[in-house]
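Data block for final.cif (mmCIF, C-alpha atoms):
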```
data_start
#
loop_
_atom_site.label_atom_id
_atom_site.label_comp_id
_atom_site.auth_asym_id
_atom_site.auth_seq_id
_atom_site.Cartn_x
_atom_site.Cartn_y
_atom_site.Cartn_z
CA MET E 144 89.53 126.96 101.56
CA SER E 145 89.30 125.26 98.17
CA SER E 146 86.22 123.29 97.09
CA HIS E 147 88.00 119.98 97.84
CA ASP E 148 89.33 120.81 101.31
CA GLN E 149 86.18 119.91 103.22
CA PHE E 150 86.21 116.37 101.75
CA ILE E 151 89.82 115.53 102.58
CA ASP E 152 90.97 113.74 105.73
CA ASP E 153 93.78 115.36 107.67
CA ALA E 154 97.10 113.48 107.42
CA PRO E 155 100.78 114.39 107.09
CA GLU E 156 102.46 114.66 103.73
CA GLN E 157 104.52 111.77 102.39
CA GLY E 158 108.18 111.79 103.30
CA ALA E 159 111.27 110.37 101.63
CA PRO E 160 111.39 106.62 100.87
CA ALA E 161 112.98 104.24 103.30
CA ALA E 162 116.45 103.10 102.25
CA GLY E 163 116.59 99.83 100.38
CA LYS E 164 112.82 99.33 100.28
CA ARG E 165 111.78 96.90 97.54
CA PRO E 166 108.42 96.60 95.75
CA ARG E 167 106.23 93.78 97.03
CA ALA E 168 103.45 91.80 95.43
CA PRO E 169 99.93 93.06 96.13
CA ALA E 170 98.00 91.22 98.80
CA ARG E 171 94.25 91.39 99.09
CA GLY E 172 93.69 94.69 100.88
CA SER E 173 93.19 94.31 104.61
CA VAL E 174 91.67 96.74 107.12
CA LYS E 175 93.83 97.91 110.01
CA ASP E 176 92.60 100.57 112.43
CA GLY E 177 90.19 101.88 109.80
CA ARG E 178 92.84 101.90 107.09
CA ILE E 179 92.85 99.93 103.85
CA VAL E 180 96.28 98.31 103.49
CA GLY E 181 97.91 96.63 100.47
CA GLN E 182 95.04 96.94 98.01
CA PRO E 183 95.77 96.13 94.33
CA GLY E 184 95.06 99.24 92.26
CA PHE E 185 95.79 101.45 89.26
CA VAL E 186 95.84 105.20 88.73
CA LEU E 187 93.03 106.18 86.36
CA HIS E 188 93.51 109.94 86.41
CA SER E 189 95.26 112.56 88.52
CA TYR E 190 95.42 116.33 88.71
CA PRO E 191 97.27 118.85 90.87
CA TYR E 192 95.97 119.87 94.27
CA LYS E 193 97.51 122.92 95.92
CA GLU E 194 101.27 123.29 95.40
CA THR E 195 102.66 119.86 96.24
CA SER E 196 99.80 117.36 96.20
CA LEU E 197 97.68 115.37 93.77
CA ILE E 198 94.05 114.26 93.68
CA ILE E 199 93.87 110.79 92.14
CA ASP E 200 91.14 108.54 90.85
CA MET E 201 92.22 104.99 91.71
CA PHE E 202 90.66 101.78 90.39
CA THR E 203 91.07 99.12 93.08
CA ARG E 204 90.15 95.47 93.04
CA ASP E 205 88.04 95.25 96.19
CA HIS E 206 86.86 98.85 96.66
CA GLY E 207 86.18 99.97 93.10
CA ARG E 208 86.87 103.54 92.03
CA VAL E 209 88.25 105.52 94.97
CA GLY E 210 89.28 109.16 95.20
CA VAL E 211 92.45 109.82 97.21
CA VAL E 212 94.69 112.77 97.99
CA ALA E 213 98.42 112.11 97.68
CA LYS E 214 99.80 114.79 99.97
CA GLY E 215 103.23 116.02 99.04
CA ALA E 216 103.44 113.71 96.00
CA LYS E 217 104.83 116.50 93.82
CA ARG E 218 107.75 117.24 96.15
CA PRO E 219 111.15 116.39 94.57
CA PHE E 220 112.02 113.69 97.11
CA SER E 221 108.56 112.21 97.66
CA LYS E 222 108.53 108.41 97.42
CA LEU E 223 105.29 108.73 95.46
CA ARG E 224 106.61 111.04 92.77
CA GLY E 225 107.63 108.31 90.33
CA VAL E 226 105.14 105.69 91.47
CA LEU E 227 101.74 107.21 90.76
CA GLN E 228 101.71 106.58 87.02
CA THR E 229 98.89 105.25 84.87
CA PHE E 230 98.93 101.58 83.83
CA GLN E 231 101.40 100.66 86.58
CA PRO E 232 100.16 97.88 88.92
CA LEU E 233 100.32 99.19 92.47
CA SER E 234 99.75 98.10 96.03
CA VAL E 235 98.01 101.05 97.69
CA SER E 236 96.97 101.96 101.22
CA TRP E 237 94.72 104.77 102.38
CA SER E 238 92.76 106.05 105.35
CA GLY E 239 89.60 108.05 105.93
CA LYS E 240 85.91 107.83 105.21
CA SER E 241 85.28 111.13 103.44
CA GLU E 242 84.68 111.58 99.74
CA LEU E 243 88.43 111.91 99.20
CA ARG E 244 90.58 109.60 101.33
CA THR E 245 94.21 110.21 102.21
CA LEU E 246 96.75 108.05 100.44
CA ILE E 247 99.16 106.54 102.96
CA ASP E 248 101.37 104.48 100.69
CA ALA E 249 101.73 103.22 97.13
CA GLU E 250 104.26 100.70 95.90
CA TRP E 251 104.99 99.61 92.37
CA VAL E 252 104.36 95.91 91.91
CA GLY E 253 105.60 95.32 88.35
CA GLY E 254 105.03 92.36 86.10
CA MET E 255 103.33 94.18 83.21
CA LEU E 256 104.72 95.47 79.93
CA PRO E 257 104.35 99.22 79.31
CA LEU E 258 101.78 100.46 76.80
CA GLU E 259 103.17 102.19 73.73
CA ARG E 260 101.83 104.11 70.73
CA THR E 261 98.22 103.19 69.88
CA ALA E 262 98.01 100.79 72.83
CA LEU E 263 98.74 103.73 75.13
CA LEU E 264 95.86 105.74 73.67
CA CYS E 265 93.61 102.69 74.07
CA GLY E 266 94.64 102.52 77.72
CA PHE E 267 93.65 106.14 78.28
CA TYR E 268 90.33 105.38 76.59
CA LEU E 269 89.71 102.54 79.06
CA ASN E 270 90.52 104.85 81.96
CA GLU E 271 88.17 107.54 80.71
CA LEU E 272 85.36 105.00 80.42
CA LEU E 273 85.94 103.82 83.99
CA VAL E 274 86.05 107.37 85.40
CA LYS E 275 82.83 108.36 83.65
CA LEU E 276 80.79 105.17 84.03
CA LEU E 277 81.78 103.74 87.43
CA ALA E 278 80.28 105.18 90.59
CA ARG E 279 82.69 105.78 93.45
CA ASP E 280 83.06 102.99 96.00
CA ASP E 281 81.19 100.34 93.98
CA ARG E 282 83.36 97.23 94.01
CA HIS E 283 83.86 95.40 90.71
CA PRO E 284 86.54 92.72 91.23
CA ALA E 285 85.66 90.88 88.01
CA LEU E 286 85.91 94.11 86.01
CA PHE E 287 89.24 94.90 87.70
CA ASP E 288 90.59 91.52 86.58
CA HIS E 289 89.26 92.17 83.07
CA TYR E 290 90.99 95.57 83.07
CA VAL E 291 94.33 93.95 83.96
CA SER E 292 93.83 91.34 81.25
CA THR E 293 92.93 94.04 78.71
CA LEU E 294 96.06 96.07 79.49
CA ASN E 295 98.16 92.94 79.04
CA GLN E 296 96.51 92.14 75.71
CA LEU E 297 97.09 95.67 74.44
CA ALA E 298 100.71 95.60 75.59
CA HIS E 299 101.26 92.32 73.73
CA GLY E 300 99.87 93.68 70.48
CA GLU E 301 96.47 91.98 70.43
CA PRO E 302 94.05 93.58 67.89
CA ALA E 303 92.81 96.76 69.52
CA GLN E 304 89.33 96.70 67.93
CA ILE E 305 88.61 93.27 69.41
CA VAL E 306 90.17 93.97 72.80
CA LEU E 307 88.23 97.23 73.22
CA ARG E 308 84.88 95.72 72.19
CA LYS E 309 85.24 92.96 74.78
CA PHE E 310 86.10 95.46 77.51
CA GLU E 311 83.25 97.82 76.61
CA ARG E 312 80.79 94.95 76.79
CA ALA E 313 82.23 93.74 80.11
CA LEU E 314 81.94 97.26 81.53
CA LEU E 315 78.26 97.53 80.60
CA ARG E 316 77.60 94.07 82.06
CA GLU E 317 79.35 94.89 85.33
CA THR E 318 77.45 98.17 85.72
CA GLY E 319 74.15 96.38 85.09
CA VAL E 320 73.14 98.07 81.84
CA ALA E 321 74.07 95.43 79.23
CA ALA E 322 71.03 93.82 77.64
CA ASP E 323 70.92 90.21 76.50
CA LEU E 324 71.86 90.42 72.83
CA GLY E 325 70.78 86.85 72.14
CA ARG E 326 67.05 87.45 72.72
CA CYS E 327 64.64 89.55 70.66
CA THR E 328 62.33 91.67 72.80
CA SER E 329 59.69 92.01 70.05
CA SER E 330 59.35 88.28 69.25
CA ARG E 331 60.43 87.03 72.70
CA GLY E 332 62.46 84.40 70.87
CA PRO E 333 66.14 83.96 70.07
CA VAL E 334 67.84 86.38 67.70
CA ALA E 335 67.98 85.06 64.14
CA PRO E 336 71.47 85.32 62.58
CA ASP E 337 70.19 86.46 59.17
CA ARG E 338 67.73 89.15 60.33
CA ASP E 339 68.33 92.84 60.99
CA TYR E 340 68.00 94.27 64.50
CA VAL E 341 68.42 97.44 66.50
CA VAL E 342 69.33 97.48 70.19
CA ASP E 343 67.30 99.58 72.59
CA PRO E 344 69.84 100.65 75.26
CA GLU E 345 67.27 100.08 78.02
CA ARG E 346 65.50 96.95 76.76
CA GLY E 347 67.65 95.03 74.31
CA ALA E 348 67.45 93.81 70.73
CA ARG E 349 64.32 94.12 68.59
CA ALA E 350 63.59 93.57 64.92
CA ALA E 351 64.60 96.53 62.78
CA GLY E 352 61.88 98.46 61.02
CA ALA E 353 61.85 100.91 58.14
CA GLY E 354 63.59 104.24 58.68
CA GLU E 355 65.48 103.27 61.85
CA VAL E 356 67.70 106.03 63.28
CA TRP E 357 69.56 103.62 65.58
CA PRO E 358 72.37 101.42 64.21
CA VAL E 359 71.00 98.39 62.34
CA VAL E 360 73.04 95.21 62.81
CA LEU E 361 72.72 91.61 61.74
CA GLY E 362 71.57 89.06 64.27
CA LYS E 363 74.84 87.23 63.64
CA THR E 364 76.71 90.28 64.96
CA LEU E 365 74.67 90.24 68.18
CA LEU E 366 75.23 86.51 68.64
CA ASP E 367 78.95 86.92 67.96
CA MET E 368 79.13 89.67 70.59
CA GLU E 369 77.42 87.43 73.12
CA ARG E 370 80.03 84.74 72.39
CA GLU E 371 82.87 87.32 72.32
CA ASP E 372 83.72 86.13 68.80
CA TYR E 373 84.95 89.07 66.73
CA THR E 374 86.75 87.19 63.98
CA ASP E 375 84.22 88.21 61.31
CA PRO E 376 85.14 91.63 59.81
CA ALA E 377 81.41 92.44 59.50
CA THR E 378 80.98 91.78 63.22
CA GLN E 379 83.92 94.05 63.99
CA ALA E 380 82.47 96.90 61.90
CA GLN E 381 78.90 96.59 63.16
CA SER E 382 79.84 96.06 66.81
CA LYS E 383 81.96 99.22 66.68
CA GLN E 384 78.97 101.31 65.60
CA LEU E 385 76.65 99.60 68.07
CA MET E 386 78.94 100.02 71.07
CA ARG E 387 79.56 103.66 70.19
CA PHE E 388 75.79 104.19 70.23
CA LEU E 389 75.21 102.29 73.50
CA LEU E 390 78.06 104.00 75.33
CA ALA E 391 76.88 107.44 74.20
CA HIS E 392 73.46 106.66 75.67
CA HIS E 393 74.77 105.47 79.02
CA LEU E 394 77.22 108.40 79.23
CA GLY E 395 74.27 110.77 78.98
CA GLY E 396 75.89 112.90 76.32
CA GLN E 397 79.28 113.22 77.99
CA PRO E 398 81.95 113.28 75.26
CA LEU E 399 84.77 110.75 75.26
CA ASN E 400 87.88 112.72 74.39
CA THR E 401 90.17 109.73 73.89
CA ARG E 402 87.55 107.96 71.78
CA GLN E 403 87.56 110.81 69.28
CA ILE E 404 91.36 110.73 69.08
CA LEU E 405 91.26 106.99 68.38
CA ILE E 406 88.54 107.43 65.76
CA ASP E 407 90.64 110.06 64.02
CA LEU E 408 93.76 107.90 64.11
CA MET E 409 92.55 104.40 63.27
CA GLN E 410 88.75 104.26 63.18
CA LEU E 411 88.42 102.06 66.27
#
```

Rewrite the structure of this file - the entire thing - as structure tokens.
Amino acid sequence: MSSHDQFIDDAPEQGAPAAGKRPRAPARGSVKDGRIVGQPGFVLHSYPYKETSLIIDMFTRDHGRVGVVAKGAKRPFSKLRGVLQTFQPLSVSWSGKSELRTLIDAEWVGGMLPLERTALLCGFYLNELLVKLLARDDRHPALFDHYVSTLNQLAHGEPAQIVLRKFERALLRETGVAADLGRCTSSRGPVAPDRDYVVDPERGARAAGAGEVWPVVLGKTLLDMEREDYTDPATQAQSKQLMRFLLAHHLGGQPLNTRQILIDLMQL
């Protein structure tokens, strides 16, 4: 028995698709006989399981990050074979209460442009962040909506540096680790736009001192980030360094593979 077998609910493999079945719009997932039905979701990551199946990390609107087993999804005539792709909006259904549920159904919903070139790499970066920073089964509907909006912005050619900074900040807020960048913890007053600060990942902004090893940023950058205003090139440059530092702290040293690729390609 493999290391995953004890966590997987028993269910039959997926069969061939019903003739003439059309994709339908995602409804808010309902519960029927212990099953979650019609839940909006996206594939974050998948890897092979046994000869014909996949283990998939799903990001769903009302159930957060969920692990599912798609039994038989690699079979040539499986209805899931062409559906379980990253960045495709899906309506998914599953059953079980174990660590890895059993995927019952997944239908492509449509309505989103595909990601291409650099936008595609940015999408994989978002997915890696979600896999590594979100706990399983913690619901984050607001973050799910932000994820959908971010994918749409990337697909429509919005500036990647700005789009990614907004999502990174939203992710830290939703997971409860984003400090208030508008207040100074050392003075207990508002951040001054023309002063230098560092951001303690656990406490927030404080006045920068001599010989700081953490990224030093202007107060204006912190205030711009609070307002989600990244039009200033200095704010873009400083927020990039700051968010890289904060994410590294909250990841506990885990490397971000896609981040390094993006840095090498375009210094995001």

Contacts of Trp357 of chain E at 10 Å or less, counting all atoms listed in the file, minus same-chain residues fewer than 3 places along, as a PDB file with C-alpha atoms, keeping the file's coordinate frame?
```
ATOM      1  CA  TYR E 340      68.000  94.270  64.500  1.00  0.00           C
ATOM      2  CA  VAL E 341      68.420  97.440  66.500  1.00  0.00           C
ATOM      3  CA  VAL E 342      69.330  97.480  70.190  1.00  0.00           C
ATOM      4  CA  ASP E 343      67.300  99.580  72.590  1.00  0.00           C
ATOM      5  CA  ALA E 351      64.600  96.530  62.780  1.00  0.00           C
ATOM      6  CA  GLY E 354      63.590 104.240  58.680  1.00  0.00           C
ATOM      7  CA  VAL E 360      73.040  95.210  62.810  1.00  0.00           C
ATOM      8  CA  GLN E 384      78.970 101.310  65.600  1.00  0.00           C
ATOM      9  CA  LEU E 385      76.650  99.600  68.070  1.00  0.00           C
ATOM     10  CA  PHE E 388      75.790 104.190  70.230  1.00  0.00           C
ATOM     11  CA  LEU E 389      75.210 102.290  73.500  1.00  0.00           C
TER      12      LEU E 389
END
```

Take the PyMOL selection byres ((chain E and resi 187) around 6), apply it to the structure above, and return the hits as a list in words. Val186, His188, Asp200, Met201 and Asn270 of chain E

So, counting all atoms listed in the file, which residue among E:Ser236, E:Ser196, E:Ser189, E:Gln228 is closest to Gly215 of chain E? E:Ser196

Taking all atoms listed in the file into account, name the residue in E:Met368, E:Gly210, E:Arg178, E:Lys275 that is nearest to Asn400 of chain E.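 Of E:Met368, E:Gly210, E:Arg178, E:Lys275, the one nearest Asn400 of chain E is E:Lys275, counting all atoms listed in the file.
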
Show which residues sit within 9 Å of segment 332-335 of chain E, as a ChimeraX atom specification. Count only C-alpha atoms, and ignore same-chain residues fewer than 3 positions away. /E:324-329,338-340,348-350,361-363,365-366

Preceding selection exported with C-alpha atoms as a PDB file, in the frame of the given file:
```pdb
ATOM      1  CA  LEU E 324      71.860  90.420  72.830  1.00  0.00           C
ATOM      2  CA  GLY E 325      70.780  86.850  72.140  1.00  0.00           C
ATOM      3  CA  ARG E 326      67.050  87.450  72.720  1.00  0.00           C
ATOM      4  CA  CYS E 327      64.640  89.550  70.660  1.00  0.00           C
ATOM      5  CA  THR E 328      62.330  91.670  72.800  1.00  0.00           C
ATOM      6  CA  SER E 329      59.690  92.010  70.050  1.00  0.00           C
ATOM      7  CA  ARG E 338      67.730  89.150  60.330  1.00  0.00           C
ATOM      8  CA  ASP E 339      68.330  92.840  60.990  1.00  0.00           C
ATOM      9  CA  TYR E 340      68.000  94.270  64.500  1.00  0.00           C
ATOM     10  CA  ALA E 348      67.450  93.810  70.730  1.00  0.00           C
ATOM     11  CA  ARG E 349      64.320  94.120  68.590  1.00  0.00           C
ATOM     12  CA  ALA E 350      63.590  93.570  64.920  1.00  0.00           C
ATOM     13  CA  LEU E 361      72.720  91.610  61.740  1.00  0.00           C
ATOM     14  CA  GLY E 362      71.570  89.060  64.270  1.00  0.00           C
ATOM     15  CA  LYS E 363      74.840  87.230  63.640  1.00  0.00           C
ATOM     16  CA  LEU E 365      74.670  90.240  68.180  1.00  0.00           C
ATOM     17  CA  LEU E 366      75.230  86.510  68.640  1.00  0.00           C
TER      18      LEU E 366
END
```

Just checking: using only C-alpha atoms, which residue out of E:Tyr373, E:Phe230, E:Tyr190, E:Phe185 ends up closest to Pro302 of chain E?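 Looking only at the distances to Pro302 of chain E, the closest residue turns out to be E:Tyr373.
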
Using the chain letters and residue numbers of this document, give as a VMD selection string the residues selected by the PyMOL selection byres ((chain E and resi 242) around 7). chain E and resid 150 210 240 to 241 243 to 244

Would you mind telling me which residue in E:Tyr290, E:Gly207, E:Pro183, E:Glu355 lies nearest to Gly253 of chain E when using all atoms listed in the file? E:Pro183

Could you work out how far atom CA of His206 of chain E lies from atom CA of Glu250 of chain E, giving the answer in Å with one decimal?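 That distance, rounded to one decimal, is 17.5 Å.
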
When distances are computed from only C-alpha atoms, which of E:Leu394, E:Ala213, E:Leu276, E:Val356 shows the smallest separation from Val226 of chain E? E:Ala213

Apply the PyMOL selection byres ((chain E and resi 344) around 8) to the displayed file and report the matching residues as number ranges by chain. E: 320-322, 342-343, 345-347, 389, 392-393

Atom CA of Glu317 of chain E to atom CA of Leu272 of chain E, distance in Å rounded to a single decimal: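 One can read the atom CA of Glu317 of chain E to atom CA of Leu272 of chain E distance as 12.7 Å.
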
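Here atom CA of Leu390 of chain E stands at a distance of 9.9 Å from atom CA of Leu314 of chain E.
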
Can you tell me, as number ranges by chain, what residues are no more than 12 Å from His299 of chain E when counting all atoms listed in the file, ignoring any on the same chain fewer than 6 positions away? E: 255-259, 261-263, 292-293, 306

Nearest candidate to Arg218 of chain E (options E:Pro284, E:Gly239, E:Pro191, E:Gly254; using all atoms listed in the file):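 Counting all atoms listed in the file, the residue closest to Arg218 of chain E is E:Pro191.
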
With only C-alpha atoms counted, which protein, DNA or RNA residues have an atom no more than 7 Å from (89.3, 94.5, 76.1) in the file frame? Please answer as a ChimeraX atom specification. /E:293,305-311
